[in-house]
>>> print(open('query29.txt').read())   # compact mmCIF, C-alpha atoms and all ligand atoms
# COMPACT_ATOMS: atom_id res chain seq x y z
CA MET Y 1 -93.01 -6.90 -128.60
CA GLY Y 2 -95.96 -5.21 -130.21
CA SER Y 3 -97.02 -8.16 -132.34
CA TYR Y 4 -100.78 -7.75 -131.89
CA ARG Y 5 -102.12 -4.49 -133.27
CA VAL Y 6 -104.93 -2.97 -131.23
CA LEU Y 7 -107.46 -0.26 -132.06
CA ALA Y 8 -108.62 1.38 -128.81
CA VAL Y 9 -111.99 3.14 -129.03
CA ASP Y 10 -113.50 5.25 -126.25
CA ASP Y 11 -114.92 8.76 -126.09
CA SER Y 12 -113.04 9.22 -122.81
CA LEU Y 13 -109.48 10.42 -123.34
CA LEU Y 14 -108.60 9.09 -119.89
CA MET Y 15 -109.77 5.62 -120.87
CA ARG Y 16 -107.82 5.69 -124.13
CA ARG Y 17 -104.71 6.72 -122.22
CA LYS Y 18 -105.28 4.02 -119.60
CA VAL Y 19 -105.47 1.35 -122.30
CA GLN Y 20 -102.34 2.66 -124.00
CA LYS Y 21 -100.48 2.66 -120.70
CA THR Y 22 -101.63 -0.82 -119.76
CA LEU Y 23 -100.58 -2.28 -123.11
CA ARG Y 24 -97.18 -0.62 -123.14
CA ASP Y 25 -94.36 -3.19 -122.98
CA THR Y 26 -96.71 -6.10 -123.61
CA GLU Y 27 -97.28 -8.22 -126.72
CA PHE Y 28 -100.01 -5.71 -127.67
CA GLU Y 29 -99.54 -2.39 -129.37
CA VAL Y 30 -102.14 0.37 -129.66
CA ILE Y 31 -101.72 1.34 -133.31
CA ALA Y 32 -104.69 3.70 -133.42
CA THR Y 33 -107.37 5.22 -131.23
CA ALA Y 34 -110.83 6.62 -131.95
CA ALA Y 35 -113.19 8.78 -129.90
CA ASN Y 36 -116.53 7.78 -131.44
CA GLY Y 37 -118.05 4.96 -133.43
CA GLN Y 38 -117.71 6.66 -136.78
CA GLU Y 39 -113.99 7.23 -136.25
CA ALA Y 40 -113.70 3.64 -135.06
CA VAL Y 41 -115.06 2.30 -138.34
CA GLU Y 42 -112.72 4.58 -140.32
CA ARG Y 43 -109.66 3.60 -138.27
CA PHE Y 44 -110.62 -0.07 -138.58
CA GLU Y 45 -110.86 0.14 -142.34
CA GLU Y 46 -107.57 2.04 -142.53
CA HIS Y 47 -105.49 -0.13 -140.17
CA ARG Y 48 -107.22 -3.54 -140.08
CA PRO Y 49 -106.10 -4.13 -136.48
CA ASP Y 50 -105.82 -7.61 -134.94
CA LEU Y 51 -108.02 -6.60 -132.01
CA VAL Y 52 -110.53 -3.85 -131.28
CA LEU Y 53 -111.44 -2.53 -127.83
CA LEU Y 54 -114.79 -0.85 -128.38
CA ASP Y 55 -116.63 1.36 -125.91
CA VAL Y 56 -120.44 1.07 -125.94
CA VAL Y 57 -121.66 4.56 -125.05
CA MET Y 58 -120.21 7.13 -127.46
CA PRO Y 59 -121.46 10.13 -129.45
CA ARG Y 60 -122.22 10.16 -133.19
CA LEU Y 61 -122.22 6.40 -133.60
CA ASP Y 62 -122.34 4.16 -130.53
CA GLY Y 63 -120.38 0.95 -129.91
CA PRO Y 64 -123.08 -1.48 -131.08
CA GLY Y 65 -123.52 0.57 -134.28
CA ALA Y 66 -119.78 0.63 -134.93
CA LEU Y 67 -119.56 -3.10 -134.17
CA LYS Y 68 -122.18 -3.83 -136.84
CA GLN Y 69 -120.22 -1.90 -139.49
CA ILE Y 70 -116.87 -3.38 -138.46
CA MET Y 71 -118.26 -6.92 -138.67
CA GLU Y 72 -119.62 -6.12 -142.13
CA LEU Y 73 -116.15 -4.96 -143.20
CA ASP Y 74 -114.54 -8.05 -141.73
CA PRO Y 75 -116.63 -10.92 -140.31
CA GLN Y 76 -113.42 -12.24 -138.68
CA ALA Y 77 -112.80 -9.01 -136.74
CA ARG Y 78 -111.90 -9.63 -133.10
CA VAL Y 79 -113.82 -7.12 -131.02
CA ILE Y 80 -114.08 -6.72 -127.25
CA MET Y 81 -116.83 -4.43 -126.01
CA ILE Y 82 -116.11 -2.19 -123.02
CA SER Y 83 -118.81 -0.53 -120.95
CA SER Y 84 -119.98 0.49 -117.54
CA LEU Y 85 -123.56 0.07 -118.75
CA GLY Y 86 -123.63 -3.66 -119.31
CA THR Y 87 -127.38 -4.14 -119.62
CA GLU Y 88 -128.30 -7.70 -120.57
CA GLU Y 89 -129.86 -6.46 -123.77
CA THR Y 90 -126.76 -4.57 -124.92
CA VAL Y 91 -124.49 -7.46 -123.97
CA SER Y 92 -126.50 -10.06 -125.86
CA GLU Y 93 -126.99 -7.73 -128.84
CA CYS Y 94 -123.24 -7.17 -129.12
CA LEU Y 95 -122.42 -10.86 -128.69
CA GLU Y 96 -124.97 -11.71 -131.39
CA ARG Y 97 -123.34 -9.17 -133.70
CA GLY Y 98 -120.00 -10.89 -133.27
CA ALA Y 99 -118.26 -9.30 -130.29
CA LEU Y 100 -116.11 -11.91 -128.54
CA ARG Y 101 -116.17 -10.53 -124.99
CA PHE Y 102 -117.82 -7.87 -122.88
CA LEU Y 103 -115.54 -6.12 -120.40
CA GLN Y 104 -117.13 -4.19 -117.56
CA LYS Y 105 -115.69 -0.83 -116.47
CA PRO Y 106 -113.84 -0.25 -114.26
CA PHE Y 107 -111.36 -3.04 -114.93
CA THR Y 108 -107.88 -3.86 -113.70
CA ASP Y 109 -104.80 -4.00 -115.93
CA ASP Y 110 -104.68 -7.76 -115.45
CA LEU Y 111 -108.30 -8.23 -116.47
CA LEU Y 112 -107.77 -6.19 -119.63
CA LEU Y 113 -104.65 -8.15 -120.57
CA ASN Y 114 -106.25 -11.50 -119.76
CA THR Y 115 -109.32 -10.62 -121.81
CA LEU Y 116 -107.20 -9.61 -124.81
CA ARG Y 117 -105.15 -12.81 -124.47
CA SER Y 118 -108.32 -14.90 -124.31
CA VAL Y 119 -109.41 -13.88 -127.81
CA LEU Y 120 -106.12 -14.26 -129.66
CA PRO Y 121 -106.15 -16.46 -132.74
CA ALA Y 122 -104.78 -19.94 -131.98
MG MG A 201 -118.20 6.13 -123.49
>>> encode(input="query29.txt", output="structure tokens", more="lines below")
Ligand SMILES: [Mg+2]
Amino acid sequence: MGSYRVLAVDDSLLMRRKVQKTLRDTEFEVIATAANGQEAVERFEEHRPDLVLLDVVMPRLDGPGALKQIMELDPQARVIMISSLGTEETVSECLERGALRFLQKPFTDDLLLNTLRSVLPA
């Protein structure tokens, strides 16, 4: 277990804990968390995770801004955006920048796991 390393990014501590709890005892392992976009980019560079769960609305640097920098660091980065504010513009902007999926809050454990599984490398 714990073969896919996940970076979980959200300014909400509750959301970070929820993700950690959901991924416990699965094939995913939360190897690092971040509470804003700037931290997300730093953690990404440091850990090079297999998957990134990236909140959209965050202080300092938002999700789309962090996504841009992460994709510059690694064009193959596998990033799933997470937001309650899924405006069409934000969704298409993130998908254009290389995000693989857009997950709407609130989500069930199953939806989170299925979404992560849907973007795994073949
Ligand atoms: Mg947020």
>>> residues_around(input="query29.txt", residues="Y:Ser92", least_positions_apart="4", cutoff="12 Å", atoms="all atoms listed in the file", output="PyMOL selection string")
chain Y and resi 64+81+86-88+96-102
>>> residues_near_ligand(input="query29.txt", ligand="ligand MG 201 (chain A)", cutoff="12 Å", atoms="only C-alpha atoms and all ligand atoms", output="ChimeraX atom specification")
/Y:8-16,34-37,53-64,81-86,104-105
>>> atom_distance(input="query29.txt", atom1="atom CA of Y:Gln69", atom2="atom CA of Y:Val19")
22.9 Å
>>> residues_around(input="query29.txt", residues="Y:Glu45", least_positions_apart="2", cutoff="12 Å", atoms="all atoms listed in the file", output="list in words")
Leu7, Ala32, Gln38, Glu39, Ala40, Val41, Glu42, Arg43, His47, Arg48, Pro49, Asp50, Val52, Ala66, Gln69, Ile70, Met71, Glu72, Leu73, Asp74 and Ala77 of chain Y
>>> write_last_selection(input="query29.txt", atoms="C-alpha atoms", output="JSON list (two decimals), in the coordinates of the input")
[["chain", "number", "residue", "atom", "x", "y", "z"],
["Y", 7, "LEU", "CA", -107.46, -0.26, -132.06],
["Y", 32, "ALA", "CA", -104.69, 3.70, -133.42],
["Y", 38, "GLN", "CA", -117.71, 6.66, -136.78],
["Y", 39, "GLU", "CA", -113.99, 7.23, -136.25],
["Y", 40, "ALA", "CA", -113.70, 3.64, -135.06],
["Y", 41, "VAL", "CA", -115.06, 2.30, -138.34],
["Y", 42, "GLU", "CA", -112.72, 4.58, -140.32],
["Y", 43, "ARG", "CA", -109.66, 3.60, -138.27],
["Y", 47, "HIS", "CA", -105.49, -0.13, -140.17],
["Y", 48, "ARG", "CA", -107.22, -3.54, -140.08],
["Y", 49, "PRO", "CA", -106.10, -4.13, -136.48],
["Y", 50, "ASP", "CA", -105.82, -7.61, -134.94],
["Y", 52, "VAL", "CA", -110.53, -3.85, -131.28],
["Y", 66, "ALA", "CA", -119.78, 0.63, -134.93],
["Y", 69, "GLN", "CA", -120.22, -1.90, -139.49],
["Y", 70, "ILE", "CA", -116.87, -3.38, -138.46],
["Y", 71, "MET", "CA", -118.26, -6.92, -138.67],
["Y", 72, "GLU", "CA", -119.62, -6.12, -142.13],
["Y", 73, "LEU", "CA", -116.15, -4.96, -143.20],
["Y", 74, "ASP", "CA", -114.54, -8.05, -141.73],
["Y", 77, "ALA", "CA", -112.80, -9.01, -136.74]]
>>> closest_residue(input="query29.txt", among="Y:Asp110, Y:Leu120, Y:Val91, Y:Gln76", to="Y:Val6", atoms="all atoms listed in the file")
Y:Leu120
>>> axis_aligned_box(input="query29.txt", around="stretch 92-110 of chain Y", padding_each_side="8 Å", output="AutoDock Vina command-line options")
--center_x -115.8 --center_y -6.1 --center_z -123.7 --size_x 38.3 --size_y 27.7 --size_z 36.0
>>> atom_distance(input="query29.txt", atom1="atom CA of Y:Gln20", atom2="atom CA of Y:Ser3")
14.7 Å
>>> atom_distance(input="query29.txt", atom1="atom CA of Y:Thr26", atom2="atom CA of Y:Arg78")
18.3 Å
>>> residues_near_point(input="query29.txt", point="(-106.1, -6.2, -119.6)", cutoff="12 Å", atoms="only C-alpha atoms", output="VMD selection string")
chain Y and resid 18 to 24 26 to 28 53 80 82 103 to 119
>>> closest_residue(input="query29.txt", among="Y:Leu95, Y:Thr90, Y:Tyr4, Y:Arg17", to="Y:Thr33", atoms="only C-alpha atoms")
Y:Arg17
